[in-house]
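Next comes my_file15.cif, a file with mmCIF, C-alpha atoms.
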```
data_work
loop_
_atom_site.label_atom_id
_atom_site.label_comp_id
_atom_site.auth_asym_id
_atom_site.auth_seq_id
_atom_site.Cartn_x
_atom_site.Cartn_y
_atom_site.Cartn_z
CA MET H 292 22.52 -2.61 12.88
CA LEU H 293 20.12 -3.89 15.55
CA GLU H 294 21.71 -7.35 15.33
CA GLN H 295 24.87 -6.01 16.93
CA MET H 296 22.99 -5.63 20.21
CA ILE H 297 22.84 -9.39 20.62
CA SER H 298 26.04 -11.23 21.36
CA ASN H 299 24.75 -14.54 22.69
CA LYS H 300 21.54 -16.52 22.60
CA ALA H 301 22.79 -19.26 24.90
CA ASP H 302 20.58 -18.07 27.75
CA TRP H 303 17.48 -17.59 25.62
CA THR H 304 14.66 -20.02 26.40
CA ARG H 305 12.59 -21.94 23.87
CA VAL H 306 8.89 -21.37 24.60
CA ALA H 307 5.56 -22.01 22.96
CA PHE H 308 3.52 -18.91 22.10
CA SER H 309 0.84 -19.89 24.62
CA ASP H 310 3.46 -20.17 27.38
CA VAL H 311 3.80 -16.39 27.48
CA VAL H 312 0.85 -15.04 25.46
CA GLN H 313 -2.88 -15.32 25.99
CA LEU H 314 -5.93 -14.56 23.90
CA SER H 315 -8.14 -11.86 25.38
CA LYS H 316 -11.78 -12.94 25.37
CA THR H 317 -13.33 -9.76 26.73
CA ARG H 318 -16.62 -8.98 25.01
CA ALA H 319 -19.07 -6.10 25.07
CA LYS H 320 -22.78 -6.88 24.90
CA ASP H 321 -23.62 -3.29 23.97
CA PRO H 322 -20.38 -1.52 22.94
CA GLU H 323 -21.90 1.96 22.59
CA ALA H 324 -23.72 1.78 25.92
CA GLU H 325 -20.50 0.59 27.56
CA GLY H 326 -18.71 3.72 26.39
CA TYR H 327 -16.70 2.45 23.42
CA GLU H 328 -16.44 4.92 20.52
CA ARG H 329 -14.21 3.26 17.91
CA VAL H 330 -14.54 0.15 15.76
CA VAL H 331 -11.56 -1.51 14.07
CA GLY H 332 -11.84 -3.95 11.18
CA LEU H 333 -9.14 -5.66 9.17
CA GLU H 334 -9.39 -2.90 6.58
CA HIS H 335 -8.19 -0.39 9.17
CA ILE H 336 -4.88 -2.18 9.83
CA GLU H 337 -2.08 -1.53 7.34
CA PRO H 338 0.52 -4.27 6.71
CA GLY H 339 3.82 -3.44 8.36
CA ASP H 340 2.42 -0.47 10.32
CA LEU H 341 2.02 -1.01 14.06
CA ARG H 342 -0.12 2.12 14.45
CA ILE H 343 -3.89 2.06 14.00
CA ARG H 344 -4.52 5.22 12.04
CA ARG H 345 -8.08 4.61 10.86
CA TRP H 346 -11.28 3.27 12.40
CA ALA H 347 -15.07 3.50 12.16
CA ASP H 348 -17.39 5.23 14.63
CA ILE H 349 -19.41 3.08 16.98
CA ALA H 350 -22.35 5.47 16.46
CA ASP H 351 -22.61 4.25 12.88
CA GLY H 352 -23.48 0.80 14.19
CA THR H 353 -21.54 -2.45 14.48
CA THR H 354 -21.99 -6.14 15.12
CA PHE H 355 -18.46 -6.47 16.55
CA THR H 356 -18.18 -7.32 20.25
CA SER H 357 -14.48 -8.18 20.80
CA VAL H 358 -12.98 -5.58 23.14
CA PHE H 359 -9.40 -4.33 22.94
CA LYS H 360 -7.58 -1.93 25.24
CA PRO H 361 -4.45 0.25 24.93
CA GLY H 362 -1.27 -1.80 24.78
CA GLN H 363 -2.91 -4.98 23.51
CA VAL H 364 -1.83 -6.45 20.17
CA LEU H 365 -4.31 -6.89 17.31
CA PHE H 366 -3.47 -9.68 14.88
CA GLY H 367 -5.46 -10.37 11.71
CA LYS H 368 -6.19 -14.10 11.70
CA ARG H 369 -7.97 -14.02 8.31
CA ARG H 370 -5.59 -14.00 5.32
CA ALA H 371 -2.61 -13.92 7.65
CA TYR H 372 -0.31 -13.52 4.65
CA GLN H 373 -1.38 -9.86 4.63
CA ARG H 374 0.77 -9.41 7.77
CA LYS H 375 -1.65 -7.23 9.70
CA VAL H 376 -0.40 -6.57 13.23
CA ALA H 377 -1.03 -3.43 15.27
CA VAL H 378 -0.76 -2.14 18.81
CA ALA H 379 -3.81 -0.37 20.20
CA ASP H 380 -3.30 3.07 21.73
CA PHE H 381 -7.01 3.47 22.46
CA ALA H 382 -9.89 1.24 23.53
CA GLY H 383 -12.56 -0.09 21.20
CA VAL H 384 -14.18 -3.15 19.67
CA CYS H 385 -12.83 -5.09 16.71
CA SER H 386 -13.76 -7.67 14.11
CA GLY H 387 -13.98 -11.34 15.04
CA ASP H 388 -11.29 -11.86 12.39
CA ILE H 389 -8.85 -10.06 14.68
CA TYR H 390 -7.23 -11.75 17.67
CA VAL H 391 -6.58 -9.56 20.70
CA LEU H 392 -3.32 -10.73 22.28
CA GLU H 393 -1.52 -9.88 25.52
CA PRO H 394 1.26 -11.37 27.70
CA SER H 395 0.02 -14.03 30.11
CA SER H 396 2.77 -13.40 32.66
CA ASP H 397 5.70 -11.15 33.58
CA ALA H 398 8.00 -13.43 31.56
CA LEU H 399 7.28 -11.35 28.44
CA ILE H 400 7.50 -7.56 28.26
CA PRO H 401 4.27 -6.38 26.56
CA GLU H 402 6.12 -4.03 24.20
CA LEU H 403 8.07 -6.95 22.71
CA LEU H 404 4.97 -8.95 21.74
CA PRO H 405 4.09 -7.01 18.54
CA PHE H 406 7.63 -7.44 17.25
CA ILE H 407 7.49 -11.20 17.85
CA CYS H 408 4.25 -11.23 15.87
CA GLN H 409 6.01 -9.47 12.99
CA THR H 410 8.74 -12.06 12.51
CA ASP H 411 8.71 -14.12 9.32
CA ALA H 412 8.66 -17.30 11.42
CA PHE H 413 5.42 -16.27 13.13
CA PHE H 414 3.70 -15.31 9.88
CA GLU H 415 4.85 -18.49 8.17
CA HIS H 416 3.40 -20.51 11.04
CA ALA H 417 0.11 -18.56 10.89
CA VAL H 418 -0.21 -18.94 7.13
CA GLY H 419 0.84 -22.59 7.24
CA THR H 420 -1.85 -23.41 9.79
CA SER H 421 -4.63 -21.47 8.06
CA ALA H 422 -7.60 -23.34 6.68
CA GLY H 423 -10.05 -22.32 3.98
CA SER H 424 -9.73 -21.58 0.27
CA LEU H 425 -11.25 -18.16 -0.43
CA SER H 426 -10.69 -16.67 3.00
CA PRO H 427 -8.16 -18.79 4.95
CA ARG H 428 -8.02 -18.31 8.71
CA THR H 429 -5.63 -19.51 11.38
CA ASN H 430 -6.90 -20.39 14.85
CA TRP H 431 -5.69 -19.83 18.39
CA LYS H 432 -4.89 -23.49 18.98
CA SER H 433 -2.48 -23.43 16.04
CA LEU H 434 -0.90 -20.12 17.01
CA ALA H 435 -0.48 -21.37 20.56
CA ASP H 436 1.89 -24.08 19.29
CA PHE H 437 4.28 -21.62 17.65
CA GLU H 438 7.73 -21.92 19.25
CA PHE H 439 10.42 -19.27 19.49
CA LEU H 440 13.43 -18.24 21.57
CA LEU H 441 12.56 -15.85 24.38
CA PRO H 442 15.35 -13.58 25.70
CA PRO H 443 15.86 -13.00 29.43
CA ILE H 444 13.83 -10.09 30.78
CA GLN H 445 16.84 -7.72 30.85
CA GLU H 446 17.63 -8.53 27.21
CA GLN H 447 13.99 -7.98 26.30
CA ALA H 448 14.16 -4.49 27.80
CA ARG H 449 17.22 -3.63 25.71
CA LEU H 450 15.59 -4.97 22.56
CA VAL H 451 12.39 -3.04 23.20
CA GLU H 452 14.35 0.18 23.65
CA ALA H 453 16.14 -0.30 20.33
CA LEU H 454 13.00 -1.38 18.50
CA LYS H 455 11.08 1.61 19.81
CA ALA H 456 13.81 3.88 18.47
CA SER H 457 13.48 2.18 15.07
CA GLU H 458 9.71 2.63 15.20
CA ALA H 459 10.16 6.31 16.02
CA VAL H 460 12.27 6.75 12.87
CA LEU H 461 9.63 4.95 10.80
CA GLU H 462 6.89 7.11 12.33
CA THR H 463 8.80 10.27 11.42
CA LEU H 464 9.35 9.02 7.88
CA PHE H 465 5.67 8.04 7.61
CA HIS H 466 4.55 11.57 8.45
CA LEU H 467 7.18 13.05 6.13
CA VAL H 468 5.86 10.91 3.27
CA VAL H 469 2.29 12.00 4.03
CA GLN H 470 3.26 15.67 4.15
CA THR H 471 5.27 15.45 0.93
CA ARG H 472 2.36 13.77 -0.83
CA GLN H 473 0.06 16.53 0.40
CA LEU H 474 2.48 19.15 -0.91
CA ARG H 475 2.63 17.32 -4.23
CA GLN H 476 -1.15 17.22 -4.55
CA ALA H 477 -1.49 20.88 -3.57
CA CYS H 478 0.97 21.84 -6.30
CA LEU H 479 -0.80 19.70 -8.88
CA ASP H 480 -4.15 21.26 -7.97
CA HIS H 481 -2.63 24.74 -8.16
CA PHE H 482 -1.11 24.18 -11.59
CA ALA H 483 -4.34 22.60 -12.87
CA GLY H 484 -6.22 25.77 -11.94
CA LEU H 485 -3.84 28.39 -13.30
CA ASN H 486 -5.59 31.71 -13.79
CA GLY H 487 -4.99 34.21 -16.55
CA VAL H 488 -4.01 31.62 -19.15
CA THR H 489 -5.79 30.10 -22.12
CA GLN H 490 -8.24 27.30 -21.31
CA THR H 491 -8.92 24.55 -23.82
CA HIS H 492 -10.55 21.14 -24.03
CA LEU H 493 -8.43 18.02 -23.72
CA GLU H 494 -9.48 16.94 -27.21
CA ASN H 495 -7.74 20.01 -28.61
CA VAL H 496 -4.31 18.91 -27.36
CA CYS H 497 -4.37 15.12 -27.80
CA GLU H 498 -6.20 12.02 -28.94
CA MET H 499 -6.82 8.75 -27.09
CA GLN H 500 -5.97 5.27 -28.31
CA ASN H 501 -7.79 2.40 -26.64
CA GLY H 502 -5.85 -0.73 -25.75
CA ARG H 503 -6.65 -4.11 -27.27
CA SER H 504 -7.40 -7.48 -25.76
CA PHE H 505 -4.63 -10.05 -25.49
CA PRO H 506 -5.20 -13.79 -24.84
CA GLY H 507 -4.90 -14.65 -21.17
CA ASP H 508 -3.96 -18.23 -22.01
CA SER H 509 -0.79 -16.92 -23.69
CA TYR H 510 0.75 -15.48 -20.52
CA THR H 511 4.36 -16.56 -20.07
CA GLU H 512 7.16 -16.14 -17.54
CA GLU H 513 9.20 -14.08 -20.00
CA GLY H 514 8.62 -11.95 -23.07
CA ILE H 515 7.09 -8.49 -23.34
CA ARG H 516 5.15 -7.14 -20.39
CA LEU H 517 1.42 -6.52 -20.60
CA LEU H 518 0.29 -3.19 -19.15
CA ARG H 519 -2.76 -3.83 -16.99
CA PRO H 520 -4.71 -1.54 -14.60
CA GLY H 521 -2.87 -3.00 -11.61
CA ASN H 522 0.41 -1.65 -13.00
CA LEU H 523 -0.78 1.95 -12.77
CA GLY H 524 0.68 3.11 -9.47
CA THR H 525 -0.65 5.77 -7.11
CA SER H 526 2.65 7.59 -7.63
CA GLY H 527 1.69 8.41 -11.22
CA TYR H 528 4.25 5.99 -12.60
CA LEU H 529 4.06 2.36 -13.73
CA GLU H 530 4.84 -0.33 -11.18
CA TRP H 531 6.00 -3.83 -12.07
CA SER H 532 5.78 -5.92 -8.91
CA GLU H 533 6.11 -9.65 -9.49
CA SER H 534 2.53 -10.37 -8.40
CA ALA H 535 1.02 -7.70 -10.68
CA THR H 536 3.09 -8.35 -13.81
CA LYS H 537 2.16 -10.59 -16.72
CA HIS H 538 4.17 -11.29 -19.88
CA LEU H 539 3.27 -12.31 -23.40
CA PRO H 540 5.47 -14.13 -25.94
CA SER H 541 7.87 -11.85 -27.80
CA HIS H 542 6.10 -12.35 -31.12
CA PHE H 543 3.32 -10.07 -29.88
CA GLU H 544 5.84 -7.22 -29.97
CA SER H 545 5.91 -7.34 -33.76
CA GLU H 546 2.27 -8.36 -34.21
CA ALA H 547 0.96 -5.49 -32.08
CA LYS H 548 3.45 -2.70 -32.81
CA ALA H 549 0.73 -0.06 -32.64
CA TYR H 550 0.07 -1.00 -29.00
CA ILE H 551 3.60 -0.78 -27.62
CA VAL H 552 3.89 1.61 -24.68
CA ASP H 553 7.30 3.16 -24.02
CA GLY H 554 8.98 5.99 -22.14
CA GLY H 555 7.11 9.30 -22.35
CA ASP H 556 3.71 7.76 -23.08
CA LEU H 557 0.72 8.93 -21.08
CA VAL H 558 -1.76 6.21 -20.09
CA ILE H 559 -5.07 6.28 -18.22
CA ASN H 560 -7.15 3.63 -16.45
CA LEU H 561 -10.64 3.39 -17.95
CA THR H 562 -12.30 0.78 -15.73
CA ALA H 563 -12.69 0.00 -12.04
CA GLN H 564 -14.85 -2.02 -9.69
CA SER H 565 -14.48 0.63 -6.99
CA LEU H 566 -14.41 4.42 -7.14
CA GLU H 567 -12.25 4.59 -4.02
CA GLU H 568 -8.57 5.55 -3.83
CA GLY H 569 -8.52 7.37 -7.16
CA PHE H 570 -8.19 4.24 -9.29
CA MET H 571 -10.79 5.29 -11.84
CA GLY H 572 -9.18 7.71 -14.28
CA ARG H 573 -5.70 7.23 -12.79
CA VAL H 574 -3.14 8.73 -15.14
CA CYS H 575 0.47 7.52 -15.31
CA LEU H 576 3.58 8.55 -17.23
CA ALA H 577 5.64 5.73 -18.68
CA ARG H 578 9.38 6.07 -18.14
CA GLU H 579 12.44 4.54 -19.75
CA GLY H 580 12.32 0.80 -19.16
CA ASP H 581 8.50 0.64 -19.03
CA LYS H 582 8.13 -0.95 -22.48
CA SER H 583 4.91 -2.98 -22.54
CA LEU H 584 1.74 -3.72 -24.49
CA LEU H 585 -1.36 -1.54 -24.08
CA ASN H 586 -4.10 -3.78 -22.73
CA GLN H 587 -7.83 -3.24 -23.15
CA ARG H 588 -9.54 -0.75 -20.82
CA ILE H 589 -6.38 1.34 -20.66
CA GLY H 590 -6.10 4.37 -22.89
CA ARG H 591 -3.02 6.11 -24.28
CA LEU H 592 -3.11 9.89 -24.75
CA HIS H 593 -1.01 10.80 -27.79
CA ALA H 594 -0.70 13.03 -30.87
CA PHE H 595 0.25 16.11 -28.85
CA PRO H 596 1.21 19.19 -30.90
CA ASP H 597 4.71 20.63 -30.55
CA THR H 598 3.33 23.48 -28.45
CA VAL H 599 2.15 21.12 -25.68
CA LEU H 600 4.35 19.15 -23.30
CA PRO H 601 2.72 15.75 -22.62
CA GLU H 602 4.19 15.82 -19.11
CA PHE H 603 2.41 19.12 -18.42
CA VAL H 604 -0.90 17.49 -19.37
CA PHE H 605 0.07 14.52 -17.19
CA ARG H 606 0.42 16.84 -14.18
CA VAL H 607 -2.91 18.54 -14.84
CA LEU H 608 -4.67 15.17 -15.12
CA GLN H 609 -3.27 14.15 -11.72
CA SER H 610 -5.22 16.98 -10.11
CA SER H 611 -8.17 16.56 -7.77
CA ARG H 612 -10.32 18.40 -10.29
CA PHE H 613 -9.69 15.76 -12.94
CA GLN H 614 -10.25 12.92 -10.47
CA THR H 615 -13.61 14.43 -9.53
CA HIS H 616 -14.49 14.75 -13.22
CA ALA H 617 -13.54 11.13 -13.97
CA ILE H 618 -15.63 9.77 -11.11
CA LYS H 619 -18.60 11.97 -12.01
CA MET H 620 -18.57 11.01 -15.69
CA CYS H 621 -17.99 7.24 -15.50
CA GLU H 622 -20.89 4.91 -16.20
CA GLY H 623 -21.89 1.36 -15.30
CA SER H 624 -23.51 -0.36 -12.32
CA LYS H 625 -21.16 -2.97 -10.84
CA ILE H 626 -18.11 -2.13 -12.95
CA LYS H 627 -17.51 1.50 -13.89
CA HIS H 628 -16.15 2.58 -17.28
CA LEU H 629 -14.79 5.75 -18.85
CA PHE H 630 -14.78 6.58 -22.55
CA TRP H 631 -13.12 9.32 -24.62
CA GLN H 632 -16.37 11.28 -24.82
CA HIS H 633 -16.26 11.53 -21.03
CA LEU H 634 -12.76 12.96 -21.05
CA SER H 635 -12.42 14.93 -24.28
CA HIS H 636 -14.29 18.02 -23.01
CA PHE H 637 -12.35 18.33 -19.76
CA LYS H 638 -10.87 21.83 -19.64
CA ILE H 639 -7.17 22.30 -19.00
CA PRO H 640 -5.07 25.46 -18.71
CA LEU H 641 -2.61 25.93 -21.55
CA PRO H 642 0.14 28.43 -20.73
CA ASP H 643 3.03 29.06 -23.10
CA HIS H 644 5.76 26.45 -23.55
CA ALA H 645 8.14 28.11 -21.08
CA LYS H 646 5.51 28.13 -18.31
CA GLN H 647 4.62 24.51 -19.01
CA LEU H 648 8.29 23.61 -18.60
CA GLN H 649 8.47 25.49 -15.27
CA VAL H 650 5.47 23.54 -13.99
CA VAL H 651 7.00 20.23 -15.10
CA GLN H 652 10.33 21.00 -13.44
CA ALA H 653 8.68 22.04 -10.18
CA CYS H 654 6.68 18.81 -10.08
CA ARG H 655 9.75 16.73 -10.89
CA ALA H 656 11.59 18.29 -7.94
CA ILE H 657 8.78 17.32 -5.56
CA ASP H 658 8.67 13.81 -7.00
CA GLN H 659 12.40 13.46 -6.46
CA ARG H 660 12.06 14.51 -2.84
CA LEU H 661 9.18 12.09 -2.33
CA ASN H 662 11.21 9.27 -3.87
CA GLU H 663 14.14 10.00 -1.55
CA VAL H 664 11.95 9.87 1.56
CA GLN H 665 10.19 6.70 0.42
CA LEU H 666 13.53 5.06 -0.36
CA ARG H 667 14.77 5.79 3.15
CA GLN H 668 11.50 4.44 4.52
CA ARG H 669 11.91 1.21 2.54
CA HIS H 670 15.51 0.78 3.68
CA THR H 671 14.49 1.29 7.32
CA LEU H 672 11.71 -1.26 6.95
CA LEU H 673 14.12 -3.68 5.31
CA ASP H 674 16.62 -3.31 8.17
CA ARG H 675 13.83 -3.97 10.66
CA THR H 676 12.66 -7.02 8.70
CA LYS H 677 16.18 -8.42 8.66
CA PHE H 678 16.36 -7.96 12.41
CA PHE H 679 13.07 -9.80 12.90
CA GLU H 680 14.50 -12.71 10.91
CA PHE H 681 17.61 -12.56 13.08
CA LEU H 682 15.51 -12.37 16.26
CA ALA H 683 13.67 -15.56 15.28
CA SER H 684 16.80 -17.44 14.21
CA GLU H 685 18.14 -20.26 16.33
CA VAL H 686 21.73 -19.16 16.70
CA ILE H 687 24.04 -16.17 16.41
CA PRO H 688 25.86 -16.29 13.05
CA GLN H 689 29.63 -16.61 13.49
CA PRO H 690 31.86 -13.99 11.82
#
```
Show the structure stored in the file as structure tokens.
Amino acid sequence: MLEQMISNKADWTRVAFSDVVQLSKTRAKDPEAEGYERVVGLEHIEPGDLRIRRWADIADGTTFTSVFKPGQVLFGKRRAYQRKVAVADFAGVCSGDIYVLEPSSDALIPELLPFICQTDAFFEHAVGTSAGSLSPRTNWKSLADFEFLLPPIQEQARLVEALKASEAVLETLFHLVVQTRQLRQACLDHFAGLNGVTQTHLENVCEMQNGRSFPGDSYTEEGIRLLRPGNLGTSGYLEWSESATKHLPSHFESEAKAYIVDGGDLVINLTAQSLEEGFMGRVCLAREGDKSLLNQRIGRLHAFPDTVLPEFVFRVLQSSRFQTHAIKMCEGSKIKHLFWQHLSHFKIPLPDHAKQLQVVQACRAIDQRLNEVQLRQRHTLLDRTKFFEFLASEVIPQP
């Protein structure tokens, strides 16, 4: 554990954030003319990821003028609870909702700054000093007052070395997750386009049941879960995070028996405000323990004949071809909707039962590998989070 590196905090010094950190105020009047090529907004910074992996092109136009340079820390001051901190490895301009931070003296090693900004104590201070209802923002004066224990310079160097090693592991795991997801999608697309097998319309292998509306004023802390679009994960499985999960009183379980979703059920999202990130037409397979009520604007594919494995259809409907079809067929101006008539004529391959089972097993093996890598990634992130809490604590816990 990283905590084992620290044996004593007696010689650490209490400082205010502004004692060792300053806000860069460099601006560009004409970013493109001054040679900058990249633009970074809050949407380009991922929570918990110190790397900036996405950006916009300056040639596409921007009103941003705040300049950042390699090595400086970018901190999202708007909605600080989103925990957006990143270290620039290129130069560019960024949103005014991003603070560009750097050490103000040699008392702080630059590489340690982003890790200080990732501690729970720092985020709690930023969130606690934010003002505004819809889009709360913290300000530099408030951040400047944040106090923490600063290690001696030699201790900082040791911490940076260990933290960089941890970041290297996370970076490797990040790329492994990306590559495994790409492999998964390539397999899904391959199986959805099988040649030399019978092709049939979706309506010939299943029917679709639409969900029903449930009263929002009946939500409770306990009871049966309500399946909503936000519970349909990108993984193809249902997700029940605390923030995305709503419950209804248990009596709805008997009153709405026809709408109970359980393990093995195939569900599809039928509405979305945005066509980005594959949310429209997202198909998920319910697993054991996913018992819930089918809400409106979610469909359940059911009534499969014995010759068709629902999980095989699930894999086909996770393909890029189906996603393209769903986006092309949806209707509506501000909010997009899908209906059974949009989906029923989608063509799917229908090999014999043995081939369907082979496809399902191959996809399950990839999913298992992806889950293993993601689990290791989560554990590594959790260890790092625990260390940040330890780093910001006042004393060394006694054994």
Residue IDs satisfying the PyMOL selection byres ((chain H and resi 524-539) around 7), as an MDAnalysis selection string: chainID H and resid 509:517 521:523 540:541 543 574:577
Reference answer for the PyMOL selection byres ((chain H and resi 594) around 8), as a VMD selection string: chain H and resid 496 to 498 592 to 593 595 to 596
Which residue of H:Leu673, H:Leu661, H:Ala382, H:Ile639 approaches Asn486 in chain H most closely, using only C-alpha atoms: H:Ile639
CA of Gln373 in chain H to CA of Leu440 in chain H, distance in Å rounded to a single decimal: 24.0 Å
Interatomic distance (Å, one decimal) between CA of Phe637 in chain H and CA of Gly623 in chain H: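 Between CA of Phe637 in chain H and CA of Gly623 in chain H the gap works out to 20.0 Å.
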